[in-house]
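So this block is model-v1.txt, compact mmCIF, C-alpha atoms:
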```
# COMPACT_ATOMS: atom_id res chain seq x y z
CA LYS Q 1 60.84 -40.48 121.15
CA LYS Q 2 60.94 -43.35 118.67
CA PHE Q 3 57.50 -44.56 119.81
CA LYS Q 4 56.10 -41.05 119.44
CA ASN Q 5 57.53 -40.65 115.90
CA ASP Q 6 56.11 -44.05 114.75
CA THR Q 7 52.69 -43.18 116.18
CA LYS Q 8 52.81 -39.80 114.50
CA ASN Q 9 53.70 -41.32 111.09
CA LYS Q 10 50.87 -43.92 111.32
CA PHE Q 11 48.40 -41.23 112.36
CA SER Q 12 49.42 -38.93 109.45
CA THR Q 13 49.06 -41.83 106.96
CA LYS Q 14 45.55 -42.62 108.19
CA VAL Q 15 44.58 -38.94 108.02
CA THR Q 16 45.85 -38.72 104.40
CA GLN Q 17 43.85 -41.80 103.34
CA TYR Q 18 40.76 -40.46 105.10
CA THR Q 19 40.99 -37.05 103.39
CA ARG Q 20 41.38 -38.73 99.97
CA LYS Q 21 38.25 -40.81 100.61
CA GLN Q 22 36.39 -37.67 101.66
CA LYS Q 23 37.29 -36.01 98.35
CA ASN Q 24 36.39 -39.13 96.31
CA PRO Q 25 34.12 -41.52 98.30
CA ASN Q 26 34.05 -44.06 95.41
CA MET Q 27 37.80 -44.42 95.35
CA GLN Q 28 39.09 -47.89 96.16
CA THR Q 29 42.57 -48.52 97.40
CA ASN Q 30 42.87 -51.79 95.39
CA LEU Q 31 42.31 -51.59 91.60
CA SER Q 32 39.63 -54.07 90.50
CA ILE Q 33 39.20 -54.91 86.78
CA ILE Q 34 37.08 -57.81 85.54
CA GLY Q 35 39.24 -60.18 83.47
CA GLU Q 36 42.95 -60.62 83.06
CA ARG Q 37 45.26 -57.76 82.25
CA GLU Q 38 48.53 -58.34 80.45
CA GLN Q 39 51.18 -55.79 79.64
CA GLY Q 40 54.84 -55.43 78.80
CA GLN Q 41 56.96 -58.30 77.55
CA ASP Q 42 54.19 -60.91 77.90
CA VAL Q 43 52.01 -59.09 75.38
CA ARG Q 44 54.91 -58.60 72.97
CA SER Q 45 55.84 -62.27 73.15
CA SER Q 46 52.25 -63.42 72.57
CA ASN Q 47 51.90 -61.09 69.56
CA VAL Q 48 55.16 -62.33 68.05
CA THR Q 49 54.04 -65.92 68.59
CA ALA Q 50 50.74 -65.23 66.81
CA VAL Q 51 52.51 -63.48 63.92
CA SER Q 52 54.98 -66.37 63.58
CA ALA Q 53 52.08 -68.83 63.44
CA ILE Q 54 50.48 -66.83 60.60
CA ALA Q 55 53.80 -66.69 58.73
CA ASN Q 56 54.33 -70.47 59.15
CA ILE Q 57 50.94 -71.13 57.56
CA VAL Q 58 51.83 -69.34 54.32
CA LYS Q 59 55.58 -70.07 54.36
CA THR Q 60 55.20 -73.48 52.71
CA SER Q 61 53.29 -71.96 49.78
CA LEU Q 62 56.11 -69.53 48.84
CA GLY Q 63 58.12 -69.88 45.64
CA PRO Q 64 57.90 -72.11 42.58
CA GLN Q 65 58.07 -75.26 44.74
CA GLY Q 66 55.37 -73.98 47.10
CA LEU Q 67 52.49 -76.25 48.04
CA ASP Q 68 48.80 -75.49 47.59
CA LYS Q 69 46.49 -75.19 50.58
CA MET Q 70 43.05 -76.75 50.77
CA LEU Q 71 40.67 -74.62 52.82
CA VAL Q 72 37.17 -75.76 53.82
CA ASP Q 73 34.74 -73.17 55.24
CA GLU Q 74 31.73 -73.67 57.51
CA ILE Q 75 29.37 -74.30 54.60
CA GLY Q 76 31.68 -76.93 53.13
CA ASP Q 77 33.02 -74.99 50.14
CA VAL Q 78 36.55 -76.04 49.26
CA THR Q 79 39.21 -73.54 48.15
CA VAL Q 80 42.54 -74.77 46.75
CA THR Q 81 45.14 -72.03 46.38
CA ASN Q 82 48.69 -70.98 47.21
CA ASP Q 83 47.96 -67.25 47.12
CA GLY Q 84 48.82 -65.68 50.47
CA ALA Q 85 46.00 -63.10 50.47
CA THR Q 86 43.38 -65.75 49.68
CA ILE Q 87 44.66 -68.11 52.40
CA LEU Q 88 44.76 -65.42 55.09
CA GLY Q 89 41.38 -64.05 54.02
CA GLN Q 90 39.80 -67.45 54.79
CA LEU Q 91 41.29 -67.64 58.30
CA GLU Q 92 39.58 -66.47 61.49
CA VAL Q 93 42.27 -64.43 63.25
CA GLU Q 94 41.86 -62.93 66.73
CA PRO Q 95 45.26 -61.53 67.93
CA PRO Q 96 45.63 -57.85 66.96
CA ALA Q 97 49.12 -58.23 65.49
CA ALA Q 98 48.00 -61.18 63.35
CA LYS Q 99 45.03 -59.14 62.09
CA VAL Q 100 47.45 -56.42 60.98
CA LEU Q 101 49.34 -59.03 58.93
CA VAL Q 102 46.13 -60.18 57.26
CA GLU Q 103 45.25 -56.58 56.39
CA LEU Q 104 48.79 -56.09 55.11
CA SER Q 105 48.46 -59.00 52.68
CA GLN Q 106 45.08 -57.72 51.47
CA LEU Q 107 46.54 -54.25 50.88
CA GLN Q 108 49.52 -55.73 49.02
CA ASP Q 109 47.16 -57.70 46.79
CA LYS Q 110 45.09 -54.60 46.08
CA GLU Q 111 47.99 -52.22 45.39
CA VAL Q 112 50.53 -54.51 43.68
CA GLY Q 113 48.72 -57.76 42.90
CA ASP Q 114 51.68 -59.95 43.86
CA GLY Q 115 54.01 -60.60 46.78
CA THR Q 116 51.28 -61.22 49.35
CA THR Q 117 53.09 -64.22 50.87
CA SER Q 118 56.51 -62.56 50.85
CA VAL Q 119 55.32 -59.42 52.63
CA VAL Q 120 53.76 -61.46 55.45
CA ILE Q 121 56.90 -63.57 55.99
CA LEU Q 122 59.12 -60.47 55.90
CA ALA Q 123 56.95 -58.56 58.38
CA ALA Q 124 56.82 -61.54 60.75
CA GLU Q 125 60.61 -61.86 60.69
CA LEU Q 126 61.07 -58.14 61.37
CA LEU Q 127 58.76 -58.37 64.39
CA LYS Q 128 60.61 -61.42 65.65
CA ARG Q 129 63.98 -59.67 65.42
CA ALA Q 130 62.55 -56.52 67.03
CA ASN Q 131 61.30 -58.55 70.00
CA GLU Q 132 64.84 -59.88 70.57
CA LEU Q 133 66.17 -56.33 70.56
CA VAL Q 134 63.54 -55.23 73.10
CA LYS Q 135 64.68 -58.07 75.39
CA GLN Q 136 68.17 -56.53 75.24
CA LYS Q 137 66.76 -53.30 76.76
CA ILE Q 138 66.64 -51.35 73.48
CA HIS Q 139 63.71 -48.95 73.36
CA PRO Q 140 61.01 -49.72 70.70
CA THR Q 141 61.25 -46.15 69.37
CA SER Q 142 64.93 -46.69 68.56
CA ILE Q 143 64.12 -49.96 66.81
CA ILE Q 144 61.40 -48.30 64.71
CA ALA Q 145 63.77 -45.47 63.78
CA GLY Q 146 66.37 -48.03 62.73
CA TYR Q 147 63.86 -49.93 60.60
CA ARG Q 148 62.76 -46.72 58.89
CA ARG Q 149 66.33 -45.74 58.13
CA ALA Q 150 67.01 -49.23 56.76
CA MET Q 151 63.88 -48.95 54.61
CA LYS Q 152 65.10 -45.66 53.10
CA GLU Q 153 68.50 -47.19 52.35
CA CYS Q 154 66.85 -50.22 50.74
CA VAL Q 155 64.61 -48.06 48.55
CA LYS Q 156 67.61 -45.93 47.55
CA TYR Q 157 69.65 -49.02 46.62
CA ILE Q 158 66.77 -50.55 44.64
CA LYS Q 159 66.22 -47.33 42.68
CA GLU Q 160 69.91 -46.99 41.87
CA ASN Q 161 70.88 -50.59 41.10
CA LEU Q 162 67.81 -52.83 40.65
CA THR Q 163 65.33 -50.64 38.77
CA LEU Q 164 64.79 -50.59 35.00
CA LYS Q 165 62.32 -48.51 33.04
CA VAL Q 166 59.43 -50.35 31.41
CA ASP Q 167 60.45 -49.14 27.95
CA ALA Q 168 63.93 -50.63 28.41
CA LEU Q 169 62.65 -54.06 29.47
CA GLY Q 170 61.12 -55.11 26.18
CA ARG Q 171 57.95 -57.08 25.53
CA GLU Q 172 59.39 -60.49 26.44
CA SER Q 173 60.40 -59.35 29.92
CA LEU Q 174 56.95 -57.85 30.52
CA LEU Q 175 55.33 -61.12 29.47
CA ASN Q 176 57.57 -63.07 31.88
CA VAL Q 177 56.70 -60.68 34.72
CA ALA Q 178 52.98 -61.17 34.04
CA LYS Q 179 53.38 -64.97 33.88
CA THR Q 180 55.24 -65.02 37.20
CA SER Q 181 52.51 -62.96 38.88
CA MET Q 182 49.78 -65.26 37.52
CA SER Q 183 51.52 -68.52 38.47
CA SER Q 184 49.90 -68.61 41.93
CA LYS Q 185 46.44 -67.53 40.75
CA VAL Q 186 43.46 -69.47 39.39
CA ILE Q 187 44.42 -68.52 35.84
CA GLY Q 188 47.94 -69.96 36.29
CA PRO Q 189 47.51 -72.78 33.72
CA GLU Q 190 46.48 -70.18 31.11
CA SER Q 191 49.17 -67.66 32.07
CA LYS Q 192 50.59 -67.52 28.53
CA TYR Q 193 47.23 -66.49 27.06
CA PHE Q 194 46.41 -63.94 29.76
CA SER Q 195 49.92 -62.43 29.92
CA GLU Q 196 49.57 -61.36 26.28
CA MET Q 197 46.21 -59.80 27.08
CA VAL Q 198 47.50 -57.97 30.17
CA VAL Q 199 50.56 -56.52 28.43
CA ASN Q 200 48.47 -55.35 25.46
CA ALA Q 201 45.94 -53.70 27.78
CA MET Q 202 48.56 -51.84 29.81
CA GLN Q 203 50.45 -50.66 26.74
CA ALA Q 204 47.17 -49.35 25.31
CA VAL Q 205 46.70 -46.93 28.25
CA LYS Q 206 50.23 -45.49 28.06
CA MET Q 207 50.19 -41.73 28.68
CA SER Q 208 52.48 -38.84 29.56
CA ASN Q 209 51.75 -36.28 32.27
CA GLN Q 210 52.58 -32.59 32.29
CA GLN Q 211 56.10 -33.25 33.60
CA GLY Q 212 56.80 -35.56 30.67
CA GLN Q 213 56.76 -38.71 32.79
CA VAL Q 214 55.37 -41.84 31.15
CA LYS Q 215 52.57 -43.45 33.17
CA TYR Q 216 50.52 -46.62 32.83
CA PRO Q 217 47.38 -46.02 34.96
CA VAL Q 218 45.91 -49.36 36.03
CA LYS Q 219 42.53 -47.74 36.75
CA ALA Q 220 42.20 -46.87 33.08
CA VAL Q 221 41.78 -50.59 32.29
CA ARG Q 222 38.22 -51.81 32.84
CA ILE Q 223 37.56 -55.49 33.59
CA LEU Q 224 34.11 -56.87 32.74
CA GLN Q 225 33.06 -60.25 34.12
CA CYS Q 226 30.59 -62.53 32.33
CA HIS Q 227 29.24 -65.75 33.85
CA GLY Q 228 28.92 -69.03 32.00
CA MET Q 229 31.95 -68.79 29.71
CA SER Q 230 35.42 -70.37 29.78
CA LEU Q 231 38.74 -68.68 30.50
CA LYS Q 232 39.80 -68.82 26.85
CA ASP Q 233 36.68 -66.83 25.88
CA SER Q 234 38.22 -63.78 27.55
CA MET Q 235 39.31 -61.08 25.11
CA HIS Q 236 41.03 -57.73 24.96
CA ILE Q 237 39.01 -54.95 23.32
CA ASN Q 238 41.04 -52.06 22.00
CA GLY Q 239 38.57 -49.40 23.12
CA TYR Q 240 36.12 -48.93 25.99
CA ALA Q 241 33.44 -51.55 26.70
CA LEU Q 242 30.19 -51.12 28.62
CA GLN Q 243 28.30 -54.09 30.02
CA MET Q 244 24.87 -53.11 28.73
CA GLY Q 245 22.69 -53.23 25.63
CA ARG Q 246 20.99 -50.64 23.46
CA ALA Q 247 18.05 -48.77 24.88
CA ALA Q 248 15.86 -49.96 21.99
CA GLN Q 249 16.08 -52.85 19.54
CA GLY Q 250 15.58 -50.45 16.64
CA CYS Q 251 18.88 -48.67 17.32
CA PRO Q 252 21.68 -49.55 14.88
CA LEU Q 253 24.31 -52.10 15.92
CA LYS Q 254 27.27 -50.16 14.58
CA VAL Q 255 28.03 -46.49 13.97
CA SER Q 256 31.06 -45.17 12.09
CA ASN Q 257 32.58 -41.74 12.78
CA ALA Q 258 30.65 -41.59 16.03
CA LYS Q 259 29.84 -38.26 17.64
CA ILE Q 260 28.97 -39.04 21.25
CA ALA Q 261 26.74 -36.88 23.45
CA PHE Q 262 27.44 -37.34 27.17
CA VAL Q 263 24.40 -36.09 29.07
CA ASP Q 264 23.72 -36.18 32.80
CA PHE Q 265 20.00 -35.36 32.77
CA ASN Q 266 16.71 -37.11 32.15
CA LEU Q 267 15.37 -37.71 28.65
CA ASN Q 268 12.05 -38.91 30.02
CA LYS Q 269 8.77 -37.06 29.60
CA PHE Q 270 9.16 -33.62 31.20
CA ARG Q 271 7.53 -33.17 34.60
CA LEU Q 272 7.35 -30.17 36.86
CA LYS Q 273 9.52 -30.32 39.97
CA MET Q 274 8.16 -31.06 43.40
CA GLY Q 275 6.51 -28.08 45.10
CA ILE Q 276 5.39 -26.41 41.84
CA SER Q 277 1.62 -26.24 41.31
CA VAL Q 278 -0.36 -25.04 38.27
CA LEU Q 279 -3.84 -23.59 38.75
CA ILE Q 280 -6.26 -23.84 35.82
CA ASN Q 281 -9.85 -22.71 35.38
CA ASP Q 282 -10.72 -24.66 32.25
CA PRO Q 283 -10.39 -28.52 32.23
CA SER Q 284 -9.47 -28.39 28.54
CA GLN Q 285 -6.18 -26.76 29.49
CA ILE Q 286 -4.99 -30.02 31.08
CA SER Q 287 -4.40 -31.51 27.64
CA LYS Q 288 -2.42 -28.40 26.64
CA ILE Q 289 -0.16 -28.86 29.66
CA ARG Q 290 0.46 -32.47 28.68
CA ASP Q 291 1.16 -31.49 25.08
CA ARG Q 292 3.64 -28.89 26.25
CA GLU Q 293 5.45 -31.48 28.42
CA ILE Q 294 5.80 -33.70 25.35
CA GLU Q 295 7.05 -30.78 23.27
CA ILE Q 296 9.76 -29.96 25.85
CA THR Q 297 11.08 -33.53 25.60
CA LYS Q 298 10.99 -33.29 21.78
CA GLU Q 299 12.93 -30.02 21.87
CA ARG Q 300 15.60 -31.56 24.11
CA CYS Q 301 16.04 -34.54 21.81
CA GLN Q 302 16.03 -32.32 18.70
CA LYS Q 303 18.78 -30.08 20.12
CA ILE Q 304 20.96 -33.13 20.77
CA LEU Q 305 20.33 -34.39 17.22
CA ASP Q 306 20.96 -30.95 15.70
CA ALA Q 307 24.36 -30.91 17.39
CA GLY Q 308 25.29 -33.87 15.18
CA ALA Q 309 25.34 -36.61 17.82
CA ASN Q 310 24.77 -40.15 16.58
CA VAL Q 311 25.52 -41.86 19.94
CA ILE Q 312 23.78 -40.70 23.12
CA VAL Q 313 25.00 -41.82 26.55
CA THR Q 314 23.08 -40.69 29.62
CA THR Q 315 23.25 -41.47 33.31
CA LYS Q 316 19.46 -41.09 33.66
CA GLY Q 317 16.50 -42.65 31.87
CA ILE Q 318 15.19 -42.43 28.30
CA ASP Q 319 11.50 -43.13 27.78
CA ASP Q 320 9.75 -44.48 24.67
CA LEU Q 321 8.88 -41.01 23.38
CA ALA Q 322 12.54 -39.98 23.15
CA LEU Q 323 13.63 -43.39 21.87
CA LYS Q 324 11.21 -43.03 18.96
CA TYR Q 325 13.08 -39.96 17.68
CA PHE Q 326 16.47 -41.57 18.21
CA VAL Q 327 15.51 -44.75 16.32
CA GLU Q 328 14.08 -42.73 13.42
CA ASN Q 329 17.37 -40.80 13.13
CA GLY Q 330 19.59 -43.90 13.35
CA VAL Q 331 21.10 -43.01 16.74
CA ILE Q 332 22.43 -45.48 19.34
CA ALA Q 333 21.09 -44.59 22.80
CA LEU Q 334 22.44 -45.93 26.11
CA ARG Q 335 20.65 -45.17 29.37
CA ARG Q 336 21.47 -45.45 33.07
CA VAL Q 337 25.22 -45.60 32.50
CA GLU Q 338 27.35 -45.39 35.65
CA LYS Q 339 28.83 -41.94 36.28
CA ASP Q 340 32.35 -43.36 36.52
CA ASP Q 341 31.93 -44.96 33.10
CA ILE Q 342 30.60 -41.82 31.45
CA ARG Q 343 33.47 -39.77 32.94
CA ARG Q 344 36.04 -42.26 31.64
CA LEU Q 345 34.40 -42.28 28.22
CA ALA Q 346 34.45 -38.49 28.14
CA LYS Q 347 38.11 -38.41 29.18
CA THR Q 348 39.06 -41.07 26.61
CA THR Q 349 37.32 -39.32 23.71
CA GLY Q 350 38.25 -35.79 24.75
CA GLY Q 351 34.65 -34.79 25.49
CA SER Q 352 32.85 -33.39 28.53
CA VAL Q 353 29.67 -34.34 30.35
CA CYS Q 354 26.71 -31.99 29.81
CA THR Q 355 24.58 -31.59 32.93
CA THR Q 356 21.85 -29.22 31.60
```

When written as structure tokens, how does the structure in this file appear?
Amino acid sequence: KKFKNDTKNKFSTKVTQYTRKQKNPNMQTNLSIIGEREQGQDVRSSNVTAVSAIANIVKTSLGPQGLDKMLVDEIGDVTVTNDGATILGQLEVEPPAAKVLVELSQLQDKEVGDGTTSVVILAAELLKRANELVKQKIHPTSIIAGYRRAMKECVKYIKENLTLKVDALGRESLLNVAKTSMSSKVIGPESKYFSEMVVNAMQAVKMSNQQGQVKYPVKAVRILQCHGMSLKDSMHINGYALQMGRAAQGCPLKVSNAKIAFVDFNLNKFRLKMGISVLINDPSQISKIRDREIEITKERCQKILDAGANVIVTTKGIDDLALKYFVENGVIALRRVEKDDIRRLAKTTGGSVCTT
């Protein structure tokens, strides 16, 4: 009986394997994947090791006693800095977890402008502690939930005990905050000069929203870069600056009590749109068509001038024919201005962009 049962079990197993192969002839009993496959604790440990290596690189550059790093790229260009985002941006990182840390530092630099080194070291330490908890058979989901709860408690404590409003800080505290943020940057030696400029610029864009909350929008401050000048040649302009010149040399250099026209259409010689054809029987009518095109451009310019505008800003082009009228009337004309700039100018002056 035992022999019969064993034979029956072996026979049923072979029949099952055979029927599976009949359903899927390409099925293989042994899984074959080219390369090495890692999973579980080995992957976690390797990721934590990579993250710790990234944190150790920038750890020595943290704080007022931090050391500068000298980085040399493939071309031979040398970069000396102790800014965490700059250091990590120059590295070639392959492990996925380490890449996340590099992206984290870049995002911190973009959103806040400071704390790039601190956020990397803190994230690496959190991962290291989480790996120890996983080794103690605690599920990763529970660890993540704990971290999120701790984050909420930290934010709550900071808001209640460590937060002061900007108006209550005073100018000296704002200057010290700006100097501290600049200490690890290229402009660190000139932090006193630039901190004054930064504080003045941010206080100039102070605004209140509909809820009565005071805001300082960073995007409202425009930074223009000019090559070939020193750091001390930088200046703060109490207004809005555009990096461009007048459309014509005959335009005035300065206009008082400016009335600005924001236009988003062409002030070139009028041309019919694509797909429109004009049939004529008399060749002399060609000159009349050209004259009428010129008159349309004149009428456009005259309507803008009749509205009282003495500064014209357009996102499109202005040809010589239109510039002639503007110069004769003492109007400053600017052409091919970026749409973002013209929208900001319109918002700053309380105007609106005219599209037709």

For Asp83 of chain Q, work out the shell of residues within 12 Å, counting all atoms listed in the file and skipping chain neighbours fewer than 4 positions away, then give it as a PyMOL selection string. chain Q and resi 57-64+66-71+79+87-90+105-106+108-109+113-118+120+181-188

Pairwise distance, atom CA of Leu321 of chain Q with atom CA of Cys301 of chain Q, equals 9.8 Å

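The coordinates place atom CA of Val177 of chain Q at 28.8 Å from atom CA of Leu242 of chain Q.
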
For atom CA of Val80 of chain Q and atom CA of Val198 of chain Q, quote the distance in Å rounded to one decimal.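 Calculated distance between atom CA of Val80 of chain Q and atom CA of Val198 of chain Q is 24.1 Å.
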
In the coordinates of the file, take the point (26.0, -40.4, 19.5) and a cut-off of 12 Å; then, counting all atoms listed in the file, name each qualifying protein, DNA or RNA residue as a count of residues only. 33

Please provide the set of residues having any atom within 10 Å of Cys226 of chain Q, restricted to all atoms listed in the file, with same-chain residues fewer than 6 positions apart removed, written as an NGL selection string. :Q and (233-234 or 243)

Ranking Q:Ile143, Q:Leu279, Q:Leu164, Q:Ala85 by minimum distance to Leu126 of chain Q and counting all atoms listed in the file, which one comes first?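 Result for the nearest residue to Leu126 of chain Q: Q:Ile143.
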
8 Å contact set for segment 44-47 of chain Q, all atoms listed in the file, chain neighbours under 2 positions out, as a PyMOL selection string: chain Q and resi 40-42+49-51+95-98+131

Restricting the calculation to all atoms listed in the file, which member of Q:Glu160, Q:Lys206, Q:Ala130, Q:Asp264 is positioned closest to Gly146 of chain Q?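 Of Q:Glu160, Q:Lys206, Q:Ala130, Q:Asp264, the one nearest Gly146 of chain Q, counting all atoms listed in the file, is Q:Ala130.
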
Proximity to Ala204 of chain Q - best of Q:Gly250, Q:Pro189, Q:Gly239, Q:Gly84, all atoms listed in the file: Q:Gly239

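Non-sequential neighbours of segment 283-297 of chain Q (distance at most 12 Å, separation of 4 or more positions within a chain, all atoms listed in the file) are Q:Phe265, Q:Asn266, Q:Leu267, Q:Asn268, Q:Lys269, Q:Phe270, Q:Arg271, Q:Leu272, Q:Val278, Q:Leu279, Q:Cys301, Q:Gln302, Q:Lys303, Q:Ile304, Q:Ile318, Q:Asp319, Q:Asp320, Q:Leu321, Q:Ala322, Q:Leu323, Q:Lys324, Q:Tyr325.
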
Find the residues near Met235 of chain Q: any atom within 10 Å, counting only C-alpha atoms, skip ones fewer than 6 places away on the same chain, and give them as a list in words. Tyr193, Phe194 and Met197 of chain Q
